[in-house]
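Student: Got query.txt for you, compact mmCIF, C-alpha atoms:
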# COMPACT_ATOMS: atom_id res chain seq x y z
CA MET A 354 -68.49 -12.25 125.60
CA THR A 355 -66.74 -15.53 126.29
CA ASP A 356 -67.76 -16.92 122.94
CA MET A 357 -66.61 -13.77 121.19
CA ALA A 358 -63.32 -13.92 122.95
CA VAL A 359 -62.85 -17.54 121.98
CA GLU A 360 -63.79 -16.78 118.39
CA SER A 361 -61.48 -13.77 118.29
CA LYS A 362 -58.69 -15.86 119.72
CA SER A 363 -59.29 -18.65 117.21
CA SER A 364 -59.24 -16.09 114.37
CA GLN A 365 -55.92 -14.80 115.57
CA ASP A 366 -54.60 -18.34 115.59
CA VAL A 367 -55.42 -18.76 111.86
CA HIS A 368 -52.49 -18.25 109.51
CA PRO A 369 -52.69 -14.87 107.70
CA ALA A 370 -52.63 -16.61 104.31
CA GLN A 371 -55.63 -18.78 105.27
CA ASN A 372 -57.47 -15.74 106.60
CA SER A 373 -56.89 -13.89 103.32
CA ARG A 374 -58.21 -16.85 101.32
CA ARG A 375 -61.37 -16.95 103.46
CA VAL A 376 -61.94 -13.23 103.00
CA ALA A 377 -61.38 -13.54 99.24
CA LYS A 378 -63.80 -16.50 99.14
CA ARG A 379 -66.51 -14.48 100.90
CA TYR A 380 -66.03 -11.56 98.56
CA ALA A 381 -66.16 -13.89 95.56
CA ALA A 382 -69.41 -15.41 96.84
CA GLU A 383 -70.82 -11.91 97.28
CA ARG A 384 -69.85 -10.97 93.73
CA ARG A 385 -71.47 -14.16 92.38
CA PHE A 386 -74.65 -13.41 94.31
CA LYS A 387 -74.79 -9.87 92.91
CA LEU A 388 -74.13 -11.18 89.40
CA ILE A 389 -76.91 -13.77 89.67
CA GLY A 390 -79.29 -11.10 90.98
CA MET A 391 -78.41 -8.75 88.11
CA LEU A 392 -78.89 -11.57 85.60
CA ALA A 393 -82.29 -12.32 87.12
CA VAL A 394 -83.32 -8.66 86.90
CA GLY A 395 -81.98 -8.43 83.35
CA ALA A 396 -83.86 -11.57 82.33
CA ALA A 397 -87.10 -10.23 83.81
CA VAL A 398 -86.67 -6.84 82.12
CA GLY A 399 -85.74 -8.54 78.84
CA MET A 400 -88.80 -10.80 78.89
CA LEU A 401 -91.03 -7.85 79.74
CA GLY A 402 -89.49 -5.81 76.94
CA LEU A 403 -89.91 -8.71 74.50
CA LEU A 404 -93.56 -9.04 75.53
CA LEU A 405 -94.23 -5.32 75.04
CA VAL A 406 -92.39 -5.19 71.70
CA THR A 407 -94.33 -8.22 70.45
CA ILE A 408 -97.68 -6.75 71.50
CA VAL A 409 -96.92 -3.34 70.01
CA ALA A 410 -95.57 -4.80 66.75
CA ARG A 411 -98.66 -6.94 66.30
CA GLY A 412 -101.15 -4.36 67.52
CA LEU A 413 -100.08 -1.24 65.63
CA PRO A 414 -101.55 -2.39 62.27
CA ALA A 415 -105.00 -2.51 63.90
CA PHE A 416 -104.95 1.26 64.28
CA TRP A 417 -104.95 1.63 60.51
CA ALA A 418 -107.49 0.62 57.88
CA THR A 419 -107.41 0.39 54.10
CA HIS A 420 -109.89 2.54 52.16
CA VAL A 421 -110.81 2.38 48.48
CA ALA A 422 -112.20 5.25 46.41
CA ILE A 423 -115.31 4.37 44.39
CA ASP A 424 -117.32 6.65 42.12
CA VAL A 425 -120.87 6.21 43.36
CA THR A 426 -123.86 7.33 41.30
CA PHE A 427 -126.64 8.02 43.78
CA SER A 428 -129.30 7.11 41.24
CA GLN A 429 -132.68 8.75 41.67
CA GLU A 430 -134.39 5.66 40.29
CA GLU A 431 -132.57 3.40 42.68
CA ILE A 432 -132.92 5.46 45.87
CA ASP A 433 -136.13 7.51 45.56
CA PRO A 434 -137.97 6.80 42.27
CA GLN A 435 -140.98 8.96 43.15
CA ASN A 436 -138.77 11.84 44.40
CA THR A 437 -140.71 11.91 47.66
CA GLY A 438 -137.77 12.95 49.86
CA ASP A 439 -139.16 10.64 52.52
CA PRO A 440 -136.30 9.53 54.85
CA GLU A 441 -137.91 6.12 55.19
CA VAL A 442 -137.87 5.62 51.41
CA ILE A 443 -134.27 6.83 51.17
CA GLY A 444 -133.22 4.61 54.04
CA ASN A 445 -134.78 1.48 52.55
CA ALA A 446 -133.02 1.78 49.16
CA ASN A 447 -130.69 -0.98 47.97
CA TYR A 448 -127.27 0.62 48.46
CA ARG A 449 -125.52 -2.71 47.95
CA THR A 450 -126.43 -2.40 44.26
CA LEU A 451 -124.82 1.04 44.14
CA VAL A 452 -121.58 -0.39 45.58
CA ARG A 453 -121.57 -3.25 43.07
CA GLU A 454 -122.20 -0.91 40.14
CA SER A 455 -119.43 1.41 41.33
CA MET A 456 -116.92 -1.43 41.50
CA GLN A 457 -117.95 -2.66 38.06
CA LYS A 458 -117.23 0.80 36.66
CA ILE A 459 -113.63 0.39 37.80
CA PHE A 460 -113.37 -3.20 36.56
CA PRO A 461 -115.72 -3.48 33.54
CA ASP A 462 -114.21 -6.84 32.53
CA ALA A 463 -115.60 -8.54 35.65
CA THR A 464 -118.87 -9.69 34.10
CA GLY A 465 -119.23 -13.23 35.41
CA ARG A 466 -121.27 -13.99 38.48
CA SER A 467 -118.28 -15.27 40.50
CA ASP A 468 -116.20 -12.27 39.41
CA ARG A 469 -118.90 -9.84 40.52
CA ARG A 470 -119.13 -11.60 43.86
CA ALA A 471 -115.35 -11.49 44.29
CA LEU A 472 -115.33 -7.84 43.24
CA LEU A 473 -117.91 -6.97 45.85
CA GLY A 474 -115.83 -8.87 48.40
CA LEU A 475 -113.00 -6.35 48.04
CA VAL A 476 -114.97 -3.74 49.98
CA SER A 477 -116.28 -3.99 53.51
CA SER A 478 -119.79 -5.28 54.03
CA ASN A 479 -120.40 -2.02 55.87
CA ALA A 480 -119.93 0.03 52.67
CA PRO A 481 -123.68 0.07 51.77
CA LEU A 482 -124.44 1.44 55.24
CA GLU A 483 -121.89 4.21 54.72
CA LEU A 484 -123.59 5.21 51.45
CA ARG A 485 -126.97 5.07 53.16
CA ALA A 486 -125.69 7.36 55.91
CA LEU A 487 -124.46 9.85 53.29
CA ALA A 488 -127.83 9.87 51.51
CA MET A 489 -129.75 10.23 54.75
CA GLU A 490 -127.52 13.07 55.95
CA ASP A 491 -127.58 14.98 52.67
CA PRO A 492 -130.48 14.03 50.33
CA GLY A 493 -129.13 16.59 47.86
CA ILE A 494 -126.54 14.09 46.65
CA ILE A 495 -129.31 11.94 45.13
CA GLY A 496 -129.00 12.15 41.37
CA THR A 497 -125.29 13.01 41.49
CA THR A 498 -122.05 11.06 41.25
CA ARG A 499 -119.59 11.35 44.12
CA THR A 500 -116.22 9.82 44.91
CA VAL A 501 -116.61 8.05 48.25
CA TRP A 502 -113.86 6.40 50.31
CA VAL A 503 -115.10 3.19 51.92
CA LYS A 504 -113.26 0.55 53.90
CA THR A 505 -111.94 -2.54 52.18
CA SER A 506 -112.47 -6.05 53.47
CA ASP A 507 -110.07 -7.48 56.02
CA ASP A 508 -108.51 -9.76 53.35
CA VAL A 509 -107.48 -6.76 51.26
CA TYR A 510 -106.14 -5.00 54.33
CA THR A 511 -104.03 -7.96 55.45
CA PHE A 512 -102.70 -8.38 51.91
CA VAL A 513 -101.79 -4.69 51.58
CA LYS A 514 -99.98 -4.86 54.94
CA GLY A 515 -97.93 -7.81 53.67
CA GLN A 516 -99.48 -10.35 56.04
CA ILE A 517 -100.61 -12.43 53.04
CA SER A 518 -97.76 -13.22 50.66
CA ARG A 519 -98.39 -13.37 46.92
CA ASP A 520 -95.63 -16.01 46.72
CA VAL A 521 -97.84 -18.55 48.47
CA PRO A 522 -99.65 -20.90 46.04
CA GLU A 523 -103.08 -19.60 45.09
CA GLU A 524 -104.97 -22.55 46.56
CA ASP A 525 -103.39 -21.82 49.97
CA ARG A 526 -104.17 -18.09 49.85
CA ARG A 527 -107.37 -16.29 50.91
CA VAL A 528 -106.67 -13.60 48.27
CA LYS A 529 -106.72 -15.14 44.79
CA ASP A 530 -104.61 -14.07 41.79
CA GLN A 531 -107.49 -12.18 40.15
CA GLU A 532 -108.12 -10.24 43.34
CA ILE A 533 -104.41 -9.42 43.63
CA ALA A 534 -104.52 -8.04 40.07
CA TRP A 535 -107.50 -5.86 41.02
CA ILE A 536 -105.69 -4.62 44.15
CA ASP A 537 -102.60 -3.79 42.09
CA GLN A 538 -104.78 -1.83 39.66
CA LEU A 539 -106.41 0.09 42.51
CA GLU A 540 -102.98 0.99 43.91
CA ALA A 541 -101.75 2.04 40.47
CA GLU A 542 -104.79 4.32 40.03
CA GLU A 543 -104.22 5.71 43.58
CA ARG A 544 -107.63 4.51 44.67
CA LEU A 545 -106.23 2.63 47.67
CA GLU A 546 -105.10 4.38 50.85
CA VAL A 547 -104.18 3.31 54.39
CA ARG A 548 -105.70 5.71 56.93
CA PHE A 549 -105.86 5.95 60.69
CA ASP A 550 -108.86 3.91 61.81
CA VAL A 551 -110.92 6.21 64.01
CA ASP A 552 -113.75 3.66 64.04
CA PHE A 553 -111.60 1.33 66.16
CA PHE A 554 -111.99 3.77 69.08
CA THR A 555 -115.61 4.77 68.44
CA THR A 556 -117.53 1.59 67.59
CA GLY A 557 -118.45 -1.66 69.27
CA ASP A 558 -117.66 -5.24 68.39
CA SER A 559 -118.39 -6.84 65.01
CA ARG A 560 -118.02 -10.19 63.27
CA GLU A 561 -116.16 -8.37 60.48
CA PRO A 562 -112.60 -7.48 61.63
CA GLU A 563 -112.45 -4.20 59.69
CA GLN A 564 -115.57 -2.99 61.51
CA ALA A 565 -114.73 -4.21 65.01
CA GLY A 566 -114.05 -1.49 67.58
CA ILE A 567 -113.03 -1.29 71.21
CA TRP A 568 -115.35 1.48 72.44
CA GLY A 569 -118.13 -0.85 73.62
CA ALA A 570 -115.68 -2.78 75.82
CA VAL A 571 -114.14 0.45 77.16
CA VAL A 572 -117.56 1.81 78.17
CA GLY A 573 -118.50 -1.58 79.65
CA SER A 574 -115.27 -1.61 81.69
CA PHE A 575 -115.97 1.96 82.86
CA PHE A 576 -119.47 1.13 84.11
CA THR A 577 -118.23 -2.08 85.73
CA LEU A 578 -115.47 -0.25 87.59
CA ILE A 579 -117.89 2.46 88.70
CA VAL A 580 -120.13 -0.18 90.29
CA THR A 581 -117.10 -1.93 91.79
CA LEU A 582 -115.76 1.29 93.30
CA ALA A 583 -119.16 2.43 94.61
CA LEU A 584 -119.63 -0.86 96.48
CA SER A 585 -116.15 -1.87 97.57
CA PHE A 586 -114.64 1.46 98.65
CA PRO A 587 -117.11 2.55 101.38
CA VAL A 588 -117.64 -0.98 102.68
CA GLY A 589 -113.91 -1.73 102.67
CA VAL A 590 -112.88 1.52 104.38
CA LEU A 591 -115.61 1.29 107.03
CA THR A 592 -114.74 -2.34 107.73
CA ALA A 593 -111.04 -1.56 108.02
CA THR A 594 -111.70 1.44 110.26
CA TYR A 595 -113.91 -0.55 112.61
CA LEU A 596 -111.55 -3.49 112.84
CA GLU A 597 -108.49 -1.29 113.36
CA GLU A 598 -109.89 1.44 115.61
CA PHE A 599 -113.01 0.21 117.40
CA ALA A 600 -113.26 -3.61 117.36
CA PRO A 601 -112.28 -5.43 120.58
CA LYS A 602 -109.38 -7.82 120.34
CA ASN A 603 -110.94 -11.22 120.87
CA LYS A 604 -111.24 -14.56 119.09
CA LEU A 605 -114.13 -13.40 116.91
CA THR A 606 -112.25 -10.43 115.46
CA ASP A 607 -109.16 -12.61 115.03
CA PHE A 608 -111.30 -15.11 113.12
CA ILE A 609 -112.70 -12.35 110.90
CA GLU A 610 -109.24 -10.90 110.20
CA VAL A 611 -107.81 -14.31 109.28
CA ASN A 612 -110.68 -14.98 106.89
CA ILE A 613 -110.34 -11.55 105.26
CA ASN A 614 -106.67 -12.29 104.64
CA ASN A 615 -107.57 -15.70 103.23
CA LEU A 616 -110.22 -14.21 100.92
CA ALA A 617 -107.55 -12.08 99.26
CA ALA A 618 -105.90 -15.30 98.04
CA VAL A 619 -109.04 -17.08 96.84
CA PRO A 620 -109.02 -17.69 93.03
CA SER A 621 -111.12 -15.12 91.22
CA ILE A 622 -113.27 -17.71 89.46
CA VAL A 623 -114.69 -18.69 92.87
CA PHE A 624 -116.15 -15.19 93.15
CA GLY A 625 -117.61 -15.68 89.67
CA LEU A 626 -119.35 -18.86 90.83
CA LEU A 627 -120.66 -16.99 93.87
CA GLY A 628 -122.01 -14.20 91.66
CA LEU A 629 -123.62 -16.72 89.32
CA ALA A 630 -125.37 -18.51 92.17
CA VAL A 631 -126.43 -15.48 94.21
CA PHE A 632 -126.89 -12.50 91.89
CA LEU A 633 -128.16 -14.28 88.77
CA ASN A 634 -129.85 -17.45 89.96
CA PHE A 635 -131.22 -16.25 93.30
CA PHE A 636 -131.85 -12.52 92.83
CA GLY A 637 -132.49 -12.74 89.06
CA LEU A 638 -130.37 -9.71 88.15
CA PRO A 639 -129.72 -9.06 84.41
CA ARG A 640 -127.10 -11.26 82.82
CA SER A 641 -124.04 -9.85 81.01
CA ALA A 642 -124.55 -6.47 82.68
CA PRO A 643 -121.96 -4.16 84.30
CA LEU A 644 -124.16 -4.15 87.41
CA VAL A 645 -123.57 -7.83 88.15
CA GLY A 646 -119.98 -7.71 86.91
CA GLY A 647 -119.26 -4.80 89.22
CA MET A 648 -120.85 -6.58 92.19
CA VAL A 649 -118.75 -9.69 91.59
CA LEU A 650 -115.56 -7.67 91.20
CA ALA A 651 -116.46 -5.70 94.34
CA LEU A 652 -116.52 -8.96 96.31
CA MET A 653 -113.13 -9.84 94.87
CA THR A 654 -111.61 -6.38 95.52
CA LEU A 655 -113.02 -5.94 99.02
CA PRO A 656 -110.29 -7.94 100.88
CA THR A 657 -107.56 -6.00 99.08
CA ILE A 658 -109.07 -2.65 100.07
CA ILE A 659 -109.60 -3.76 103.67
CA ILE A 660 -106.02 -4.98 104.05
CA ALA A 661 -104.54 -1.86 102.41
CA SER A 662 -106.77 0.44 104.48
CA ARG A 663 -105.85 -1.29 107.74
CA ALA A 664 -102.16 -0.94 106.91
CA ALA A 665 -102.65 2.77 106.15
CA LEU A 666 -104.59 3.33 109.39
CA LYS A 667 -101.97 1.44 111.39
CA ALA A 668 -99.23 3.66 109.91
CA VAL A 669 -100.72 6.79 111.51
CA PRO A 670 -98.56 7.52 114.62
CA PRO A 671 -100.24 6.94 118.01
CA SER A 672 -99.21 10.46 119.03
CA ILE A 673 -101.86 11.86 116.65
CA ARG A 674 -104.58 9.93 118.45
CA GLU A 675 -103.19 10.74 121.90
CA ALA A 676 -102.96 14.45 121.12
CA ALA A 677 -106.54 14.56 119.88
CA LEU A 678 -107.80 12.64 122.90
CA GLY A 679 -105.77 14.96 125.10
CA VAL A 680 -107.68 18.04 123.96
CA GLY A 681 -111.02 16.38 124.63
CA ALA A 682 -111.96 14.81 121.29
CA SER A 683 -114.10 11.71 121.34
CA LYS A 684 -112.88 8.43 119.83
CA LEU A 685 -115.11 8.95 116.77
CA GLN A 686 -113.79 12.50 116.30
CA VAL A 687 -110.21 11.26 116.56
CA VAL A 688 -110.82 8.68 113.86
CA THR A 689 -112.94 10.75 111.44
CA HIS A 690 -111.12 14.10 111.87
CA HIS A 691 -107.52 12.95 112.13
CA VAL A 692 -106.71 9.26 111.56
CA VAL A 693 -108.76 8.53 108.43
CA PRO A 694 -107.80 11.80 106.62
CA LEU A 695 -104.13 11.18 107.33
CA ALA A 696 -104.43 7.56 106.16
CA MET A 697 -106.44 8.45 103.05
CA PRO A 698 -103.42 8.55 100.64
CA GLY A 699 -102.55 4.97 101.53
CA ILE A 700 -106.21 3.96 101.36
CA LEU A 701 -106.60 5.52 97.90
CA THR A 702 -103.41 3.89 96.68
CA GLY A 703 -104.58 0.46 97.80
CA THR A 704 -108.02 1.07 96.31
CA ILE A 705 -106.68 2.05 92.90
CA ILE A 706 -104.36 -0.95 92.84
CA GLY A 707 -107.32 -3.16 93.70
CA MET A 708 -109.39 -1.53 90.95
CA ALA A 709 -106.57 -2.06 88.46
CA GLN A 710 -106.52 -5.73 89.43
CA ALA A 711 -110.30 -5.90 88.96
CA LEU A 712 -110.00 -4.29 85.52
CA GLY A 713 -107.75 -7.10 84.33
CA GLU A 714 -109.90 -9.95 85.65
CA THR A 715 -111.62 -12.23 83.15
CA ALA A 716 -112.54 -15.49 84.87
CA PRO A 717 -115.30 -14.21 87.21
CA LEU A 718 -116.91 -12.25 84.36
CA LEU A 719 -117.00 -15.32 82.13
CA MET A 720 -119.06 -17.10 84.77
CA ILE A 721 -121.78 -14.42 84.73
CA GLY A 722 -122.12 -14.31 80.94
CA MET A 723 -120.11 -11.22 80.05
CA VAL A 724 -118.44 -13.27 77.30
CA ALA A 725 -121.48 -12.68 75.06
CA PHE A 726 -121.11 -11.05 71.65
CA ILE A 727 -122.31 -7.47 72.22
CA VAL A 728 -122.38 -5.06 69.27
CA ASP A 729 -124.05 -2.01 70.82
CA VAL A 730 -122.25 0.38 73.14
CA PRO A 731 -123.91 0.14 76.60
CA GLY A 732 -125.80 3.17 77.84
CA GLY A 733 -126.06 2.20 81.52
CA ILE A 734 -125.13 -0.33 84.18
CA THR A 735 -128.05 -2.62 83.35
CA ASP A 736 -127.41 -2.81 79.58
CA ALA A 737 -125.74 -5.85 78.09
CA ALA A 738 -122.01 -5.19 77.84
CA THR A 739 -118.59 -6.73 77.78
CA VAL A 740 -115.26 -5.55 79.22
CA LEU A 741 -111.75 -5.16 77.87
CA PRO A 742 -110.24 -8.47 79.10
CA VAL A 743 -113.23 -10.41 77.79
CA GLN A 744 -113.01 -8.56 74.47
CA VAL A 745 -109.38 -9.64 74.21
CA TYR A 746 -110.47 -13.21 74.93
CA LEU A 747 -113.19 -13.08 72.25
CA TRP A 748 -110.95 -11.65 69.55
CA ALA A 749 -108.12 -14.06 70.38
CA ASP A 750 -110.56 -16.92 69.77
CA SER A 751 -111.69 -15.60 66.35
CA PRO A 752 -110.32 -17.42 63.28
CA GLU A 753 -109.91 -14.36 61.00
CA ARG A 754 -106.29 -13.29 60.62
CA ALA A 755 -107.08 -9.60 61.04
CA PHE A 756 -108.30 -10.27 64.58
CA VAL A 757 -104.69 -11.05 65.60
CA ALA A 758 -103.84 -7.37 65.28
CA LYS A 759 -107.14 -6.39 66.90
CA THR A 760 -106.32 -8.61 69.90
CA SER A 761 -102.91 -7.04 70.42
CA ALA A 762 -104.39 -3.55 69.95
CA ALA A 763 -107.02 -4.28 72.62
CA ILE A 764 -104.24 -5.47 74.95
CA MET A 765 -102.42 -2.18 74.31
CA VAL A 766 -105.56 -0.25 75.27
CA LEU A 767 -105.97 -2.38 78.40
CA LEU A 768 -102.32 -1.88 79.39
CA GLY A 769 -102.70 1.84 78.81
CA PHE A 770 -105.73 1.86 81.11
CA LEU A 771 -103.80 -0.04 83.80
CA ILE A 772 -100.75 2.21 83.50
CA LEU A 773 -102.99 5.27 83.80
CA MET A 774 -104.63 3.93 86.97
CA ASN A 775 -101.27 3.09 88.54
CA ALA A 776 -99.94 6.52 87.57
CA ILE A 777 -102.90 8.09 89.36
CA ALA A 778 -102.06 6.00 92.44
CA VAL A 779 -98.45 7.21 92.36
CA VAL A 780 -99.50 10.86 91.96
CA LEU A 781 -101.98 10.62 94.84
CA ARG A 782 -99.37 9.01 97.07
CA LYS A 783 -96.79 11.67 96.26
CA ARG A 784 -99.26 14.52 96.63
CA PHE A 785 -100.82 13.57 99.95
CA GLU A 786 -97.97 11.63 101.53
CA ARG A 787 -97.24 12.56 105.12
CA ARG A 788 -93.95 11.87 106.91
CA TRP A 789 -93.65 11.74 110.65
Let me see the file written as structure tokens.
Tutor:
Amino acid sequence: MTDMAVESKSSQDVHPAQNSRRVAKRYAAERRFKLIGMLAVGAAVGMLGLLLVTIVARGLPAFWATHVAIDVTFSQEEIDPQNTGDPEVIGNANYRTLVRESMQKIFPDATGRSDRRALLGLVSSNAPLELRALAMEDPGIIGTTRTVWVKTSDDVYTFVKGQISRDVPEEDRRVKDQEIAWIDQLEAEERLEVRFDVDFFTTGDSREPEQAGIWGAVVGSFFTLIVTLALSFPVGVLTATYLEEFAPKNKLTDFIEVNINNLAAVPSIVFGLLGLAVFLNFFGLPRSAPLVGGMVLALMTLPTIIIASRAALKAVPPSIREAALGVGASKLQVVTHHVVPLAMPGILTGTIIGMAQALGETAPLLMIGMVAFIVDVPGGITDAATVLPVQVYLWADSPERAFVAKTSAAIMVLLGFLILMNAIAVVLRKRFERRW
């Protein structure tokens, strides 16, 4: 009180003009602080917007593919000379010859060996497989001529999208002048179309950019997260419940709690080294499999789930526990019937955030071999697979220009997955939130 009185007295002794200047100075400092804060927020939002716009602008072309119409003669002599109708005979035919003959029908002047090779390079290397699939599905087309739309090569696609300029000198261009003339002729004859690329969402990885898809990585991420959730959620919730509700407060539990908090800050690659040493080298589990990836990510996610669960359990008011104990419930009944159900929204929110963090991790998965080139879509947790962040890493390291768009498109899919998981967390929190 004495100090306040002295301060009040000293304030009264200050000249009114000086007091006004001090007040104006404080207000000015407050306005500068608010302005700096708004600039910081604006800069962060601007950088985030720039990042998203860049990713979307680069990734959208990957959702489209260029197709060319070729008139294919499914020659009886070439596919099934003996007219046996045997699927094995039909499947073993040389469909690459049919593609080459179809292209030469469109460009009869391309007679030289190098011209024929360049002509065949306009279409995707997967085109013979598409013709084979048509013949296997419907043998009745053998002996007929059909117009078939097949994918072009990635060079044609990037040129059509304007990513390769015809103004660049020919020796510095992947698409030569003769090929540009062929592409112009195809466009003039309306044999070239840009269509939505469904294969991007339904196929696995490939060395050829026009054939590479994201589905294998999506399924691999799904299986990995299933293993992660199945291991980390029950162990994390039970650990948090014991430490918060049953464990005695002594030096041992304090030591455990401190180490759990420290584990949440350990770099993720350390967990990858642990998984490499224990799960692969010691236990001999399959390499590059969602099973091992999920176990490693479960170790990494476990501290996050424990910390979030303990915070949710601690937020339940003591009156809930006291009321339950007051009517004769045991400690276990209080926890399992009242405390944990009431804390479950917070537990689920923390779990989903931890799972979203695990979905975006790359470093620990690189250590256990999930960086391998996997073409097939995995059918289970022990099959060889990759995940979305690793797929982004692989495509970003590929030299072909078309993989630039594929990389950004994969990032868009990954961001969509993360936004979906965070949206689920928000919905669960809003739906089951309790206020006391």
Student: Excluding Val580 in chain A and its own-chain neighbours fewer than 2 positions away, which residues fall within 9 Å of it when counting only C-alpha atoms? Please give them as a list in words.
Tutor: Phe575, Phe576, Thr577, Leu578, Leu582, Ala583, Leu584, Ser585, Pro643, Leu644, Val645, Gly646, Gly647, Met648, Leu650, Ala651 and Ile734 of chain A
Student: What lies within 12 Å of Pro620 in chain A using only C-alpha atoms, ignoring chain neighbours under 4 positions off, as a list in words?
Tutor: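 Near Pro620 in chain A, the qualifying residues are Asn615, Leu616, Phe624, Gly625, Leu626, Leu627, Leu652, Met653, Thr654, Glu714, Thr715, Ala716 and Pro717 of chain A.
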Student: Go ahead and save the picked residues with C-alpha atoms, as a tab-separated table (two decimals), keeping the file's coordinate frame.
Tutor:
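Final file, again-v3.tsv:
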chain	number	residue	atom	x	y	z
A	615	ASN	CA	-107.57	-15.70	103.23
A	616	LEU	CA	-110.22	-14.21	100.92
A	624	PHE	CA	-116.15	-15.19	93.15
A	625	GLY	CA	-117.61	-15.68	89.67
A	626	LEU	CA	-119.35	-18.86	90.83
A	627	LEU	CA	-120.66	-16.99	93.87
A	652	LEU	CA	-116.52	-8.96	96.31
A	653	MET	CA	-113.13	-9.84	94.87
A	654	THR	CA	-111.61	-6.38	95.52
A	714	GLU	CA	-109.90	-9.95	85.65
A	715	THR	CA	-111.62	-12.23	83.15
A	716	ALA	CA	-112.54	-15.49	84.87
A	717	PRO	CA	-115.30	-14.21	87.21
Student: As an exercise, work out the distance from CA of Gly390 in chain A to CA of Val376 in chain A in Å and give it to one decimal place.
Tutor: 21.2 Å
Student: Kindly indicate which residue among A:Tyr746, A:Phe427, A:Phe460, A:Phe770 lies nearest to Leu539 in chain A, using only C-alpha atoms for the distances.
Tutor: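 When distances to Leu539 in chain A are compared using only C-alpha atoms, the smallest one comes from A:Phe460.
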Student: Could you please determine the separation between CA of Ala541 in chain A and CA of Ile459 in chain A in Å, to one decimal place?
Tutor: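 Computed distance, CA of Ala541 in chain A to CA of Ile459 in chain A, equals 12.3 Å.
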Student: So, counting only C-alpha atoms, which residue among A:Ala755, A:Met720, A:Leu767, A:Leu638 is closest to Lys514 in chain A?
Tutor: A:Ala755
Student: So, with only C-alpha atoms as the atoms that count, which of A:Ala415, A:Met489, A:Leu403, A:Ala393 lies closest to Gly566 in chain A?
Tutor: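 Answer, going by the shortest atom-to-atom distance: A:Ala415.
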Student: I'd like the contact shell of Thr426 in chain A - 7 Å cut-off, all atoms listed in the file, skipping same-chain residues fewer than 4 positions apart - returned as an MDAnalysis selection string.
Tutor: chainID A and resid 451 497:499
Student: To one decimal place, how far is CA of Ile705 in chain A from CA of Asp729 in chain A in Å?
Tutor: 28.4 Å
Student: Kindly provide the residues of range 477-559 of chain A that approach range 463-466 of chain A to within 12 Å, each paired with its closest atom pair and their distance in Å to one decimal, based on only C-alpha atoms, listed by chain and increasing number, as a tab-separated table.
Tutor:
residue	atom	partner	partner_atom	distance
A:Gln531	CA	A:Ala463	CA	10.0
A:Glu532	CA	A:Ala463	CA	10.9
A:Ala534	CA	A:Ala463	CA	11.9
A:Trp535	CA	A:Ala463	CA	10.1
Student: Those residues with C-alpha atoms, as a PDB file, in the coordinates of the input please?
Tutor:
ATOM      1  CA  GLN A 531    -107.490 -12.180  40.150  1.00  0.00           C
ATOM      2  CA  GLU A 532    -108.120 -10.240  43.340  1.00  0.00           C
ATOM      3  CA  ALA A 534    -104.520  -8.040  40.070  1.00  0.00           C
ATOM      4  CA  TRP A 535    -107.500  -5.860  41.020  1.00  0.00           C
TER       5      TRP A 535
END
Student: Could you write out as lines of an AutoDock Vina configuration file the box around range 481-486 of chain A (axis-aligned, all atoms listed in the file, 5 Å on each side), with centre and edge lengths in Å to one decimal?
Tutor:
center_x = -124.4
center_y = 3.7
center_z = 53.7
size_x = 15.1
size_y = 17.3
size_z = 14.5
Student: Counting all atoms listed in the file, which of A:Ile613, A:Asp530, A:Pro731, A:Asn775 gets nearest to Ser518 in chain A?
Tutor: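 Under the stated criterion, the closest residue is A:Asp530.
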Student: In the coordinates of the file, take the point (-100.7, -3.0, 62.2) and a cut-off of 10 Å; then, counting only C-alpha atoms, name each qualifying protein, DNA or RNA residue as a VMD selection string.
Tutor: chain A and resid 409 to 418 510 to 511 514 516 755 757 to 759 761 to 762
Student: Give me the residues near Glu561 in chain A as a list in words, where near means some atom within 12 Å (using only C-alpha atoms) and where sequence neighbours in that chain fewer than 4 positions away do not count.
Tutor: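 Once the adjacent positions are removed, what remains is Val476, Ser477, Ser478, Asn479, Lys504, Thr505, Ser506, Asp507, Asp508, Gly557, Ala565, Gly566, Val728, Trp748, Ser751, Pro752, Glu753, Arg754, Ala755, Phe756 and Lys759 of chain A.
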Student: As a short mmCIF file (atom, residue, chain, number, x, y, z; two decimals), keeping the file's coordinate frame, could you write out range 605-610 of chain A once it has been completed with N, CA and C atoms?
Tutor:
data_model
loop_
_atom_site.label_atom_id
_atom_site.label_comp_id
_atom_site.auth_asym_id
_atom_site.auth_seq_id
_atom_site.Cartn_x
_atom_site.Cartn_y
_atom_site.Cartn_z
N LEU A 605 -113.25 -13.64 118.06
CA LEU A 605 -114.13 -13.40 116.91
C LEU A 605 -113.48 -12.46 115.90
N THR A 606 -112.90 -11.36 116.40
CA THR A 606 -112.25 -10.43 115.46
C THR A 606 -111.01 -11.07 114.83
N ASP A 607 -110.30 -11.89 115.62
CA ASP A 607 -109.16 -12.61 115.03
C ASP A 607 -109.63 -13.54 113.91
N PHE A 608 -110.75 -14.21 114.14
CA PHE A 608 -111.30 -15.11 113.12
C PHE A 608 -111.69 -14.34 111.86
N ILE A 609 -112.30 -13.17 112.05
CA ILE A 609 -112.70 -12.35 110.90
C ILE A 609 -111.47 -11.86 110.13
N GLU A 610 -110.46 -11.40 110.86
CA GLU A 610 -109.24 -10.90 110.20
C GLU A 610 -108.54 -12.00 109.41
#
